[in-house]
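Asks: Input file: protein_36.pdb. Contents: PDB, C-alpha atoms and all ligand atoms.
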ATOM      1  CA  MET A   1      23.433  -1.271   6.429
ATOM      2  CA  SER A   2      21.703  -2.505   3.311
ATOM      3  CA  ASP A   3      18.014  -1.569   3.176
ATOM      4  CA  MET A   4      16.099  -4.836   3.087
ATOM      5  CA  ILE A   5      12.623  -3.348   3.427
ATOM      6  CA  PRO A   6      11.825  -3.275  -0.339
ATOM      7  CA  THR A   7      12.983  -6.907  -0.594
ATOM      8  CA  PHE A   8      10.705  -7.962   2.264
ATOM      9  CA  ARG A   9       7.823  -5.929   0.839
ATOM     10  CA  ASN A  10       8.117  -7.622  -2.539
ATOM     11  CA  MET A  11       8.094 -11.012  -0.834
ATOM     12  CA  ALA A  12       5.071  -9.990   1.238
ATOM     13  CA  ILE A  13       3.226  -9.155  -2.006
ATOM     14  CA  ALA A  14       4.099 -12.622  -3.339
ATOM     15  CA  LEU A  15       2.832 -14.177  -0.082
ATOM     16  CA  PHE A  16      -0.424 -12.282  -0.383
ATOM     17  CA  ILE A  17      -0.871 -13.621  -3.927
ATOM     18  CA  GLY A  18      -0.193 -17.098  -2.526
ATOM     19  CA  TYR A  19      -2.895 -16.499   0.050
ATOM     20  CA  ARG A  20      -5.369 -15.565  -2.713
ATOM     21  CA  ALA A  21      -4.374 -18.720  -4.579
ATOM     22  CA  MET A  22      -5.097 -20.726  -1.431
ATOM     23  CA  ILE A  23      -8.572 -19.197  -1.192
ATOM     24  CA  ASN A  24      -9.040 -20.567  -4.716
ATOM     25  CA  ASN A  25      -7.939 -24.055  -3.578
ATOM     26  CA  GLU A  26      -4.454 -23.829  -5.025
ATOM     27  CA  THR A  27      -1.240 -24.660  -3.201
ATOM     28  CA  PRO A  28      -0.124 -21.280  -1.814
ATOM     29  CA  VAL A  29       3.052 -20.795  -3.808
ATOM     30  CA  ALA A  30       3.292 -17.498  -5.671
ATOM     31  CA  CYS A  31       5.783 -15.104  -7.182
ATOM     32  CA  ILE A  32       6.321 -11.710  -8.736
ATOM     33  CA  LEU A  33       8.789 -10.620 -11.401
ATOM     34  CA  VAL A  34      10.261  -7.221 -10.687
ATOM     35  CA  SER A  35      12.418  -4.901 -12.765
ATOM     36  CA  ARG A  36      15.836  -4.612 -11.172
ATOM     37  CA  SER A  37      16.340  -1.032 -12.323
ATOM     38  CA  THR A  38      12.876   0.413 -11.528
ATOM     39  CA  ASN A  39      11.520  -2.014  -8.862
ATOM     40  CA  GLN A  40       8.327  -2.125 -10.943
ATOM     41  CA  ILE A  41       6.265  -5.330 -10.849
ATOM     42  CA  LEU A  42       6.232  -6.827 -14.353
ATOM     43  CA  SER A  43       3.963  -9.791 -13.681
ATOM     44  CA  ILE A  44       2.567 -12.052 -10.976
ATOM     45  CA  GLY A  45       2.206 -15.819 -10.908
ATOM     46  CA  TYR A  46       0.659 -18.380  -8.630
ATOM     47  CA  ASN A  47       0.421 -22.123  -8.629
ATOM     48  CA  ASP A  48      -2.261 -23.220 -11.082
ATOM     49  CA  THR A  49      -1.742 -26.980 -11.171
ATOM     50  CA  ASN A  50      -5.033 -27.910  -9.512
ATOM     51  CA  ARG A  51      -7.352 -25.767 -11.589
ATOM     52  CA  SER A  52      -5.599 -26.535 -14.878
ATOM     53  CA  LEU A  53      -4.925 -30.216 -13.969
ATOM     54  CA  ASN A  54      -1.465 -29.557 -15.354
ATOM     55  CA  GLY A  55       1.424 -30.335 -13.024
ATOM     56  CA  THR A  56       3.774 -27.955 -14.838
ATOM     57  CA  ARG A  57       1.730 -24.801 -14.231
ATOM     58  CA  HIS A  58       3.971 -23.533 -11.479
ATOM     59  CA  ALA A  59       3.896 -19.911 -10.348
ATOM     60  CA  GLU A  60       7.211 -19.101 -12.032
ATOM     61  CA  PHE A  61       6.109 -20.385 -15.453
ATOM     62  CA  ILE A  62       2.920 -18.374 -15.309
ATOM     63  CA  ALA A  63       4.734 -15.148 -14.440
ATOM     64  CA  ILE A  64       7.383 -15.764 -17.117
ATOM     65  CA  ASP A  65       4.755 -16.513 -19.783
ATOM     66  CA  LYS A  66       2.993 -13.228 -19.077
ATOM     67  CA  VAL A  67       6.179 -11.214 -19.466
ATOM     68  CA  MET A  68       7.157 -13.195 -22.544
ATOM     69  CA  SER A  69       3.840 -12.374 -24.194
ATOM     70  CA  GLN A  70       4.761  -8.680 -23.954
ATOM     71  CA  ILE A  71       7.964  -9.229 -25.926
ATOM     72  CA  PRO A  72       7.545  -8.748 -29.722
ATOM     73  CA  VAL A  73       6.915 -12.103 -31.425
ATOM     74  CA  HIS A  74      10.027 -11.939 -33.645
ATOM     75  CA  ASP A  75      12.236 -11.479 -30.550
ATOM     76  CA  ARG A  76      10.860 -14.398 -28.535
ATOM     77  CA  SER A  77      13.026 -16.992 -30.269
ATOM     78  CA  ASP A  78      16.131 -14.829 -29.975
ATOM     79  CA  ILE A  79      17.709 -16.207 -26.812
ATOM     80  CA  ALA A  80      20.230 -13.350 -26.550
ATOM     81  CA  LYS A  81      17.408 -10.808 -26.535
ATOM     82  CA  ILE A  82      15.392 -12.829 -24.011
ATOM     83  CA  GLN A  83      18.399 -13.145 -21.727
ATOM     84  CA  GLY A  84      19.180  -9.460 -22.168
ATOM     85  CA  PHE A  85      15.681  -8.610 -21.026
ATOM     86  CA  PHE A  86      15.411 -11.036 -18.084
ATOM     87  CA  GLY A  87      18.912 -10.138 -16.895
ATOM     88  CA  ASP A  88      17.297  -7.009 -15.470
ATOM     89  CA  VAL A  89      14.549  -8.978 -13.729
ATOM     90  CA  ILE A  90      14.367 -10.328 -10.167
ATOM     91  CA  LEU A  91      12.096 -13.190  -9.207
ATOM     92  CA  TYR A  92      10.567 -13.116  -5.719
ATOM     93  CA  VAL A  93       8.984 -16.478  -4.976
ATOM     94  CA  THR A  94       7.582 -17.794  -1.694
ATOM     95  CA  VAL A  95       9.185 -21.250  -2.026
ATOM     96  CA  GLU A  96      12.560 -22.166  -3.520
ATOM     97  CA  PRO A  97      12.077 -22.879  -7.260
ATOM     98  CA  CYS A  98      11.812 -26.557  -8.131
ATOM     99  CA  ILE A  99      14.337 -28.204 -10.436
ATOM    100  CA  MET A 100      12.133 -27.628 -13.501
ATOM    101  CA  CYS A 101      11.606 -23.923 -12.775
ATOM    102  CA  ALA A 102      15.235 -23.371 -11.745
ATOM    103  CA  SER A 103      16.272 -24.703 -15.130
ATOM    104  CA  ALA A 104      13.794 -22.491 -17.015
ATOM    105  CA  LEU A 105      14.944 -19.433 -15.035
ATOM    106  CA  LYS A 106      18.481 -20.174 -16.050
ATOM    107  CA  GLN A 107      17.630 -20.508 -19.710
ATOM    108  CA  ILE A 108      15.908 -17.150 -19.820
ATOM    109  CA  GLY A 109      18.848 -15.565 -17.962
ATOM    110  CA  ILE A 110      17.030 -14.293 -14.860
ATOM    111  CA  GLY A 111      18.897 -11.535 -12.976
ATOM    112  CA  TYR A 112      18.581 -13.184  -9.594
ATOM    113  CA  VAL A 113      16.096 -15.005  -7.379
ATOM    114  CA  VAL A 114      14.880 -14.263  -3.852
ATOM    115  CA  TYR A 115      12.851 -16.991  -2.158
ATOM    116  CA  GLY A 116      11.157 -17.661   1.169
ATOM    117  CA  CYS A 117      11.449 -21.225   2.430
ATOM    118  CA  GLY A 118      13.446 -24.104   1.018
ATOM    119  CA  ASN A 119      11.753 -26.773  -1.089
ATOM    120  CA  ASP A 120      12.944 -29.928   0.605
ATOM    121  CA  ARG A 121      11.683 -32.325  -2.050
ATOM    122  CA  PHE A 122      12.353 -30.615  -5.345
ATOM    123  CA  GLY A 123      14.452 -27.520  -4.618
ATOM    124  CA  GLY A 124      16.598 -26.553  -7.592
ATOM    125  CA  ASN A 125      18.410 -23.600  -6.002
ATOM    126  CA  GLY A 126      20.625 -25.465  -3.573
ATOM    127  CA  THR A 127      18.451 -27.792  -1.483
ATOM    128  CA  ILE A 128      18.349 -30.852  -3.738
ATOM    129  CA  LEU A 129      20.217 -29.668  -6.826
ATOM    130  CA  SER A 130      22.083 -26.431  -7.529
ATOM    131  CA  ILE A 131      20.716 -25.882 -11.028
ATOM    132  CA  HIS A 132      21.249 -22.128 -10.705
ATOM    133  CA  GLN A 133      24.997 -22.619 -10.561
ATOM    134  CA  ASP A 134      25.713 -25.654 -12.711
ATOM    135  CA  LYS A 135      27.823 -25.292 -15.803
ATOM    136  CA  ILE A 136      25.082 -25.163 -18.405
ATOM    137  CA  ASN A 137      24.190 -21.581 -19.344
ATOM    138  CA  LYS A 138      25.054 -18.537 -17.251
ATOM    139  CA  ALA A 139      24.720 -18.999 -13.496
ATOM    140  CA  TYR A 140      22.341 -16.838 -11.487
ATOM    141  CA  GLN A 141      22.436 -15.914  -7.831
ATOM    142  CA  SER A 142      19.732 -16.991  -5.447
ATOM    143  CA  TYR A 143      18.968 -15.834  -1.886
ATOM    144  CA  GLY A 144      16.600 -17.702   0.433
ATOM    145  CA  GLY A 145      15.149 -17.144   3.878
ATOM    146  CA  VAL A 146      13.177 -13.926   3.247
ATOM    147  CA  LEU A 147       9.830 -14.280   5.097
ATOM    148  CA  ARG A 148      10.579 -17.965   5.398
ATOM    149  CA  THR A 149       8.339 -18.738   8.380
ATOM    150  CA  GLU A 150       5.415 -16.965   6.725
ATOM    151  CA  ALA A 151       5.845 -19.092   3.589
ATOM    152  CA  VAL A 152       5.908 -22.260   5.725
ATOM    153  CA  GLN A 153       2.864 -21.119   7.702
ATOM    154  CA  LEU A 154       0.887 -20.502   4.513
ATOM    155  CA  LEU A 155       1.663 -24.022   3.272
ATOM    156  CA  ARG A 156       0.704 -25.511   6.629
ATOM    157  CA  ASN A 157      -2.581 -23.631   6.590
ATOM    158  CA  PHE A 158      -3.298 -25.041   3.182
ATOM    159  CA  TYR A 159      -2.638 -28.654   4.142
ATOM    160  CA  ILE A 160      -4.629 -28.396   7.344
ATOM    161  CA  GLN A 161      -7.547 -26.850   5.465
ATOM    162  CA  GLU A 162      -7.330 -29.390   2.688
ATOM    163  CA  ASN A 163      -7.616 -32.278   5.089
ATOM    164  CA  ASP A 164     -10.590 -30.760   6.824
ATOM    165  CA  SER A 165     -12.519 -30.817   3.560
ATOM    166  CA  ALA A 166     -11.176 -34.069   2.084
ATOM    167  CA  PRO A 167     -10.723 -36.742   4.773
ATOM    168  CA  ASN A 168      -7.800 -39.113   4.238
ATOM    169  CA  PRO A 169      -5.232 -40.918   6.417
ATOM    170  CA  LYS A 170      -3.043 -37.827   6.614
ATOM    171  CA  ILE A 171      -5.517 -35.913   8.746
ATOM    172  CA  LYS A 172      -3.902 -36.616  12.070
ATOM    173  CA  LYS A 173      -0.401 -35.869  10.912
ATOM    174  CA  ASN A 174      -1.417 -32.600   9.316
ATOM    175  CA  LYS A 175      -3.487 -31.569  12.303
ATOM    176  CA  GLU A 176      -0.369 -31.924  14.393
ATOM    177  CA  LEU A 177       1.288 -29.331  12.190
ATOM    178  CA  GLU A 178      -1.118 -26.745  13.458
ATOM    179  CA  ASN A 179       0.794 -25.890  16.613
ATOM    180  CA  LYS A 180       4.181 -27.260  15.708
ATOM    181  CA  GLU A 181       7.242 -25.044  15.833
ATOM    182  CA  TYR A 182       9.017 -24.361  12.580
ATOM    183  CA  PRO A 183      12.051 -26.311  11.432
ATOM    184  CA  PRO A 184      15.300 -24.315  11.757
ATOM    185  CA  ASN A 185      16.210 -21.646   9.248
ATOM    186  CA  LEU A 186      18.199 -22.403   6.103
ATOM    187  CA  ASP A 187      21.785 -23.399   6.745
ATOM    188  CA  PHE A 188      23.020 -20.386   4.790
ATOM    189  CA  LYS A 189      26.593 -21.570   4.554
ATOM    190  CA  GLU A 190      25.394 -24.518   2.466
ATOM    191  CA  TYR A 191      23.792 -22.137  -0.035
ATOM    192  CA  LEU A 192      25.984 -19.031  -0.154
ATOM    193  CA  SER A 193      29.639 -18.180   0.382
ATOM    194  CA  PRO A 194      30.302 -15.555   3.104
ATOM    195  CA  GLU A 195      30.947 -13.018   0.326
ATOM    196  CA  GLU A 196      27.715 -13.817  -1.501
ATOM    197  CA  PHE A 197      25.683 -13.622   1.702
ATOM    198  CA  THR A 198      27.265 -10.316   2.735
ATOM    199  CA  GLU A 199      26.844  -8.771  -0.693
ATOM    200  CA  PHE A 200      23.094  -9.209  -0.557
ATOM    201  CA  PHE A 201      22.167  -9.215   3.128
ATOM    202  CA  GLY A 202      24.865  -6.900   4.500
ATOM    203  CA  ASP A 203      27.716  -7.540   6.930
ATOM    204  CA  GLU A 204      25.734  -6.974  10.137
ATOM    205  CA  ARG A 205      23.332  -9.700   9.110
ATOM    206  CA  PHE A 206      26.252 -11.894   8.224
ATOM    207  CA  ALA A 207      27.442 -11.752  11.835
ATOM    208  CA  ALA A 208      23.921 -12.364  13.156
ATOM    209  CA  SER A 209      22.534 -14.971  10.783
ATOM    210  CA  TYR A 210      25.035 -16.703   8.520
ATOM    211  CA  ASP A 211      25.826 -19.431  11.019
ATOM    212  CA  ASN A 212      22.699 -19.221  13.186
ATOM    213  CA  ARG A 213      19.763 -21.395  12.164
ATOM    214  CA  GLY A 214      17.766 -20.303  15.211
ATOM    215  CA  ARG A 215      17.258 -16.817  13.872
ATOM    216  CA  GLU A 216      14.924 -15.509  11.170
ATOM    217  CA  LEU A 217      15.946 -12.655   8.908
ATOM    218  CA  THR A 218      14.149  -9.429   9.780
ATOM    219  CA  PRO A 219      13.676  -6.410   7.474
ATOM    220  CA  VAL A 220      15.553  -4.214   9.942
ATOM    221  CA  LEU A 221      18.309  -5.906  11.909
ATOM    222  CA  ASN A 222      17.571  -6.251  15.642
ATOM    223  CA  HIS A 223      13.971  -5.093  15.177
ATOM    224  CA  GLY A 224      10.961  -7.362  15.303
ATOM    225  CA  TYR A 225       8.182  -7.148  12.736
ATOM    226  CA  THR A 226       4.730  -8.239  11.689
ATOM    227  CA  LEU A 227       3.475  -8.201   8.119
ATOM    228  CA  ARG A 228       1.425  -5.129   9.019
ATOM    229  CA  ASP A 229       4.711  -3.203   9.183
ATOM    230  CA  ILE A 230       5.786  -4.330   5.734
ATOM    231  CA  LEU A 231       2.750  -4.630   3.490
ATOM    232  CA  HIS A 232       0.030  -2.005   3.095
ATOM    233  CA  ILE A 233      -3.094  -1.763   0.987
ATOM    234  CA  GLU A 234      -1.424   0.786  -1.337
ATOM    235  CA  ASP A 235       1.258  -1.780  -2.189
ATOM    236  CA  LEU A 236      -1.437  -4.206  -3.315
ATOM    237  CA  LEU A 237      -3.538  -1.631  -5.160
ATOM    238  CA  ALA A 238      -0.428  -0.849  -7.208
ATOM    239  CA  VAL A 239      -0.400  -4.445  -8.512
ATOM    240  CA  SER A 240      -2.837  -4.122 -11.407
ATOM    241  CA  GLU A 241      -2.884  -7.857 -12.156
ATOM    242  CA  LEU A 242      -4.157  -8.666  -8.692
ATOM    243  CA  LYS A 243      -7.617  -7.534  -9.755
ATOM    244  CA  GLU A 244      -7.856 -10.586 -11.993
ATOM    245  CA  MET A 245      -7.871 -12.803  -8.900
ATOM    246  CA  TYR A 246     -11.164 -11.250  -7.808
ATOM    247  CA  GLN A 247     -14.434 -11.659  -9.619
ATOM    248  CA  GLU A 248     -16.262  -9.265  -7.366
ATOM    249  CA  LYS A 249     -17.072  -5.768  -8.475
ATOM    250  CA  ASP A 250     -16.209  -4.266  -5.095
ATOM    251  CA  PHE A 251     -12.576  -5.212  -5.558
ATOM    252  CA  GLU A 252     -11.077  -2.673  -3.166
ATOM    253  CA  ASP A 253     -13.322  -3.592  -0.236
ATOM    254  CA  LYS A 254     -12.657  -7.302  -0.724
ATOM    255  CA  LEU A 255      -8.944  -6.630  -0.991
ATOM    256  CA  GLU A 256      -8.916  -4.653   2.244
ATOM    257  CA  ASN A 257     -10.873  -7.410   3.974
ATOM    258  CA  ASP A 258      -8.522 -10.063   2.619
ATOM    259  CA  LEU A 259      -5.482  -8.118   3.743
ATOM    260  CA  GLN A 260      -6.799  -7.965   7.308
ATOM    261  CA  ASN A 261      -7.430 -11.735   7.259
ATOM    262  CA  PHE A 262      -3.976 -12.261   5.794
ATOM    263  CA  TYR A 263      -2.229 -10.334   8.593
ATOM    264  CA  GLY A 264      -3.969 -12.514  11.155
ATOM    265  CA  LEU A 265      -2.528 -15.761   9.747
ATOM    266  CA  PHE A 266       1.045 -15.182  10.913
ATOM    267  CA  TYR A 267       3.025 -15.073  14.125
ATOM    268  CA  ASP A 268       5.115 -12.011  15.002
ATOM    269  CA  ILE A 269       8.905 -12.159  14.843
ATOM    270  CA  ASP A 270      10.806 -10.543  17.692
ATOM    271  CA  GLU A 271      13.975  -8.429  17.613
ATOM    272  CA  GLU A 272      16.173 -11.511  17.900
ATOM    273  CA  GLY A 273      14.507 -13.146  14.922
ATOM    274  CA  LYS A 274      12.536 -15.580  17.082
ATOM    275  CA  VAL A 275       8.953 -16.557  16.297
ATOM    276  CA  ASP A 276       6.457 -15.527  18.989
ATOM    277  CA  PHE A 277       4.284 -18.617  19.246
ATOM    278  CA  ASN A 278       2.238 -17.020  22.023
ATOM    279  CA  LYS A 279       0.314 -14.921  19.547
ATOM    280  CA  ILE A 280      -3.131 -16.268  18.673
ATOM    281  CA  ILE A 281      -3.265 -16.554  14.907
ATOM    282  CA  THR A 282      -6.308 -17.006  12.685
ATOM    283  CA  LYS A 283      -6.935 -20.555  11.543
ATOM    284  CA  ILE A 284      -7.556 -20.836   7.866
ATOM    285  CA  ASP A 285     -10.842 -22.734   8.382
ATOM    286  CA  GLN A 286     -12.271 -19.582   9.937
ATOM    287  CA  ILE A 287     -11.616 -17.826   6.664
ATOM    288  CA  ALA A 288     -12.471 -20.881   4.546
ATOM    289  CA  GLN A 289     -16.041 -20.805   5.830
ATOM    290  CA  ILE A 290     -16.514 -17.772   3.617
ATOM    291  CA  ASN A 291     -15.307 -19.757   0.597
ATOM    292  CA  PRO A 292     -16.107 -23.399   1.429
ATOM    293  CA  ALA A 293     -14.298 -25.978  -0.669
ATOM    294  CA  ASP A 294     -16.519 -28.539  -2.365
ATOM    295  CA  PRO A 295     -14.998 -32.021  -1.843
ATOM    296  CA  ALA A 296     -16.954 -33.290  -4.863
ATOM    297  CA  ASP A 297     -15.157 -30.824  -7.095
ATOM    298  CA  PRO A 298     -12.379 -32.649  -9.015
ATOM    299  CA  VAL A 299     -10.076 -29.750  -8.213
ATOM    300  CA  ASN A 300     -10.096 -30.825  -4.570
ATOM    301  CA  GLN A 301      -9.157 -34.399  -5.329
ATOM    302  CA  VAL A 302      -5.872 -33.830  -7.111
ATOM    303  CA  ILE A 303      -4.223 -31.536  -4.629
ATOM    304  CA  GLN A 304      -1.899 -34.307  -3.448
ATOM    305  CA  VAL A 305      -0.009 -34.391  -6.752
ATOM    306  CA  ASP A 306       1.852 -31.274  -5.848
ATOM    307  CA  GLY A 307       5.282 -31.791  -4.395
ATOM    308  CA  PHE A 308       5.431 -29.425  -1.460
ATOM    309  CA  THR A 309       5.352 -30.386   2.188
ATOM    310  CA  THR A 310       4.574 -28.253   5.185
ATOM    311  CA  ASP A 311       7.277 -29.839   7.236
ATOM    312  CA  LEU A 312      10.096 -28.290   5.282
ATOM    313  CA  ASP A 313      13.197 -29.131   7.200
ATOM    314  CA  CYS A 314      15.382 -27.276   4.713
ATOM    315  CA  LYS A 315      18.069 -29.904   5.088
ATOM    316  CA  LYS A 316      20.699 -30.125   2.441
ATOM    317  CA  ARG A 317      20.424 -33.291   0.446
ATOM    318  CA  LYS A 318      22.729 -32.711  -2.419
ATOM    319  CA  LEU A 319      22.427 -35.662  -4.715
ATOM    320  CA  ASN A 320      24.745 -34.230  -7.324
ATOM    321  CA  LYS A 321      27.788 -33.725  -5.136
TER
HETATM  322 ZN    ZN B 401       8.490 -25.165 -10.186
END
Go ahead and express the file in the form of structure tokens.

Replies:
Amino acid sequence: MSDMIPTFRNMAIALFIGYRAMINNETPVACILVSRSTNQILSIGYNDTNRSLNGTRHAEFIAIDKVMSQIPVHDRSDIAKIQGFFGDVILYVTVEPCIMCASALKQIGIGYVVYGCGNDRFGGNGTILSIHQDKINKAYQSYGGVLRTEAVQLLRNFYIQENDSAPNPKIKKNKELENKEYPPNLDFKEYLSPEEFTEFFGDERFAASYDNRGRELTPVLNHGYTLRDILHIEDLLAVSELKEMYQEKDFEDKLENDLQNFYGLFYDIDEEGKVDFNKIITKIDQIAQINPADPADPVNQVIQVDGFTTDLDCKKRKLNK
């Protein structure tokens, strides 16, 4: 059976970065770029559209820019060299890349992409368009559904929190999200052929999940999990860039505290890949009291421009086919 634990761990790191972004009033979408051959984290990125007031500052662009800045200047315009480099890189991102990012990833020749939940408005890796496999430039492979419910839960937390601090007509609708069950899993057969699915997720998971939208992927087949099983403080301490997301001097204590809060935000998944909604999870406002959002701050008034929803139904709406 293919060992999925490192894949889930990398996604859990990206989710944690998304959680830190949320604490800073950003939409919790985050990513890491990882070397395919060494599994080393090359850079991290998180949504920065609210702070920068720039709608193109998506997590993927930020992570790519950081890696690009490490490439010698005279090589940056050499597309063959760029593609040679990124061909050995995997992107782990909490939400399916949008059409803009999917296109950029293709141009730089990314090795492959692993994402959490589908992006039902702007998804460029199979939900709205299949940019990753169109005929322009070399196609790349993309695999969704890894820690999908956690990615959805993080987005829901964000929207519920946002509406607590900035009243608007969406309050009631978003409040209803709080205890709502998740939409079904990705319809994998609309995204991957049986061969593609099996190559990445293994044949036992193919039998269990390929045609079963009622089941979440688990790091070990037929075993339940919580994020405590997957992500540990050492994994985060190894991400040197994470320190930049903290101003405090006592970085390690804050990180440990944040990690404990982070664990509490998510439901457990049982051995059949079902979400255990009986667990009491932490509401983000309990954490937000530590970092209250100021509604007068312009940052908090432009949040709506971002294109993600918390009610991701992951339905296929292929406009190009
Ligand atoms: Zn994007």

Asks: How far is it from CA of Asn137 in chain A to CA of Ser77 in chain A, in Å with one decimal?

Replies: 16.3 Å

Asks: Which residues of chain A come within 9 Å of ligand ZN 401 (chain B), and what is each one's closest atom pair and distance in Å (one decimal), counting all atoms listed in the file, sorted by chain and residue number, as a Markdown table?

Replies:
| residue | atom | partner | partner_atom | distance |
| --- | --- | --- | --- | --- |
| A:Asn47 | CA | B:ZN401 | ZN | 8.8 |
| A:Thr56 | CA | B:ZN401 | ZN | 7.2 |
| A:Arg57 | CA | B:ZN401 | ZN | 7.9 |
| A:His58 | CA | B:ZN401 | ZN | 5.0 |
| A:Ala59 | CA | B:ZN401 | ZN | 7.0 |
| A:Glu60 | CA | B:ZN401 | ZN | 6.5 |
| A:Phe61 | CA | B:ZN401 | ZN | 7.5 |
| A:Glu96 | CA | B:ZN401 | ZN | 8.4 |
| A:Pro97 | CA | B:ZN401 | ZN | 5.2 |
| A:Cys98 | CA | B:ZN401 | ZN | 4.1 |
| A:Ile99 | CA | B:ZN401 | ZN | 6.6 |
| A:Met100 | CA | B:ZN401 | ZN | 5.5 |
| A:Cys101 | CA | B:ZN401 | ZN | 4.2 |
| A:Ala102 | CA | B:ZN401 | ZN | 7.2 |
| A:Phe122 | CA | B:ZN401 | ZN | 8.2 |
| A:Gly123 | CA | B:ZN401 | ZN | 8.5 |
| A:Gly124 | CA | B:ZN401 | ZN | 8.6 |

Asks: Neighbouring residues of Tyr112 in chain A were defined as those with any atom within 10 Å, considering only C-alpha atoms; residues of the same chain fewer than 2 positions away were excluded. Please report them as JSON, numbers by chain.

Replies: {"A": [36, 86, 87, 88, 89, 90, 91, 92, 105, 106, 109, 110, 114, 132, 139, 140, 141, 142, 143]}

Asks: Please list, as a list in words, the residues that have an atom at most 9 Å away from (15.8, -21.8, 7.1) in the coordinates of this file, counting only C-alpha atoms.

Replies: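 Applying the cut-off with only C-alpha atoms, one gets Gly116, Cys117, Gly118, Gly144, Gly145, Arg148, Thr149, Pro183, Pro184, Asn185, Leu186, Asp187, Phe188, Arg213, Gly214, Arg215, Glu216, Leu312, Asp313, Cys314 and Lys315 of chain A.
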
Asks: Skipping near chain neighbours, those fewer than 2 positions away, what residues fall within 12 Å of Thr7 in chain A using all atoms listed in the file, listed as a PyMOL selection string?

Replies: chain A and resi 2-5+9-14+32+34+36+39+90-93+113-116+143-147+200-201+217-220+230-231

Asks: My structure is short of atoms at range 125-139 of chain A; please model N, CA and C atoms there, returning them as a compact mmCIF listing (two decimals), keeping the file's coordinate frame.

Replies:
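Just written: selection-v8.txt:
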# COMPACT_ATOMS: atom_id res chain seq x y z
N ASN A 125 17.47 -24.69 -6.28
CA ASN A 125 18.41 -23.60 -6.00
C ASN A 125 19.25 -23.89 -4.77
N GLY A 126 19.67 -25.14 -4.63
CA GLY A 126 20.62 -25.46 -3.57
C GLY A 126 20.19 -26.54 -2.60
N THR A 127 18.87 -26.81 -2.49
CA THR A 127 18.45 -27.79 -1.48
C THR A 127 18.64 -29.23 -1.98
N ILE A 128 18.14 -29.52 -3.17
CA ILE A 128 18.35 -30.85 -3.74
C ILE A 128 19.42 -30.77 -4.83
N LEU A 129 19.21 -29.92 -5.79
CA LEU A 129 20.22 -29.67 -6.83
C LEU A 129 20.54 -28.18 -6.83
N SER A 130 21.71 -27.85 -7.39
CA SER A 130 22.08 -26.43 -7.53
C SER A 130 22.09 -26.06 -9.01
N ILE A 131 20.88 -26.15 -9.60
CA ILE A 131 20.72 -25.88 -11.03
C ILE A 131 21.17 -24.46 -11.36
N HIS A 132 20.93 -23.54 -10.42
CA HIS A 132 21.25 -22.13 -10.70
C HIS A 132 22.74 -21.90 -10.91
N GLN A 133 23.55 -22.84 -10.44
CA GLN A 133 25.00 -22.62 -10.56
C GLN A 133 25.72 -23.73 -11.29
N ASP A 134 24.98 -24.61 -11.98
CA ASP A 134 25.71 -25.65 -12.71
C ASP A 134 26.33 -25.05 -13.97
N LYS A 135 26.98 -25.87 -14.75
CA LYS A 135 27.82 -25.29 -15.80
C LYS A 135 27.08 -25.00 -17.10
N ILE A 136 25.82 -25.41 -17.17
CA ILE A 136 25.08 -25.16 -18.40
C ILE A 136 24.44 -23.77 -18.33
N ASN A 137 24.67 -22.97 -19.31
CA ASN A 137 24.19 -21.58 -19.34
C ASN A 137 24.82 -20.74 -18.23
N LYS A 138 24.47 -19.47 -18.23
CA LYS A 138 25.05 -18.54 -17.25
C LYS A 138 24.41 -18.74 -15.88
N ALA A 139 25.25 -18.80 -14.85
CA ALA A 139 24.72 -19.00 -13.50
C ALA A 139 23.93 -17.78 -13.04
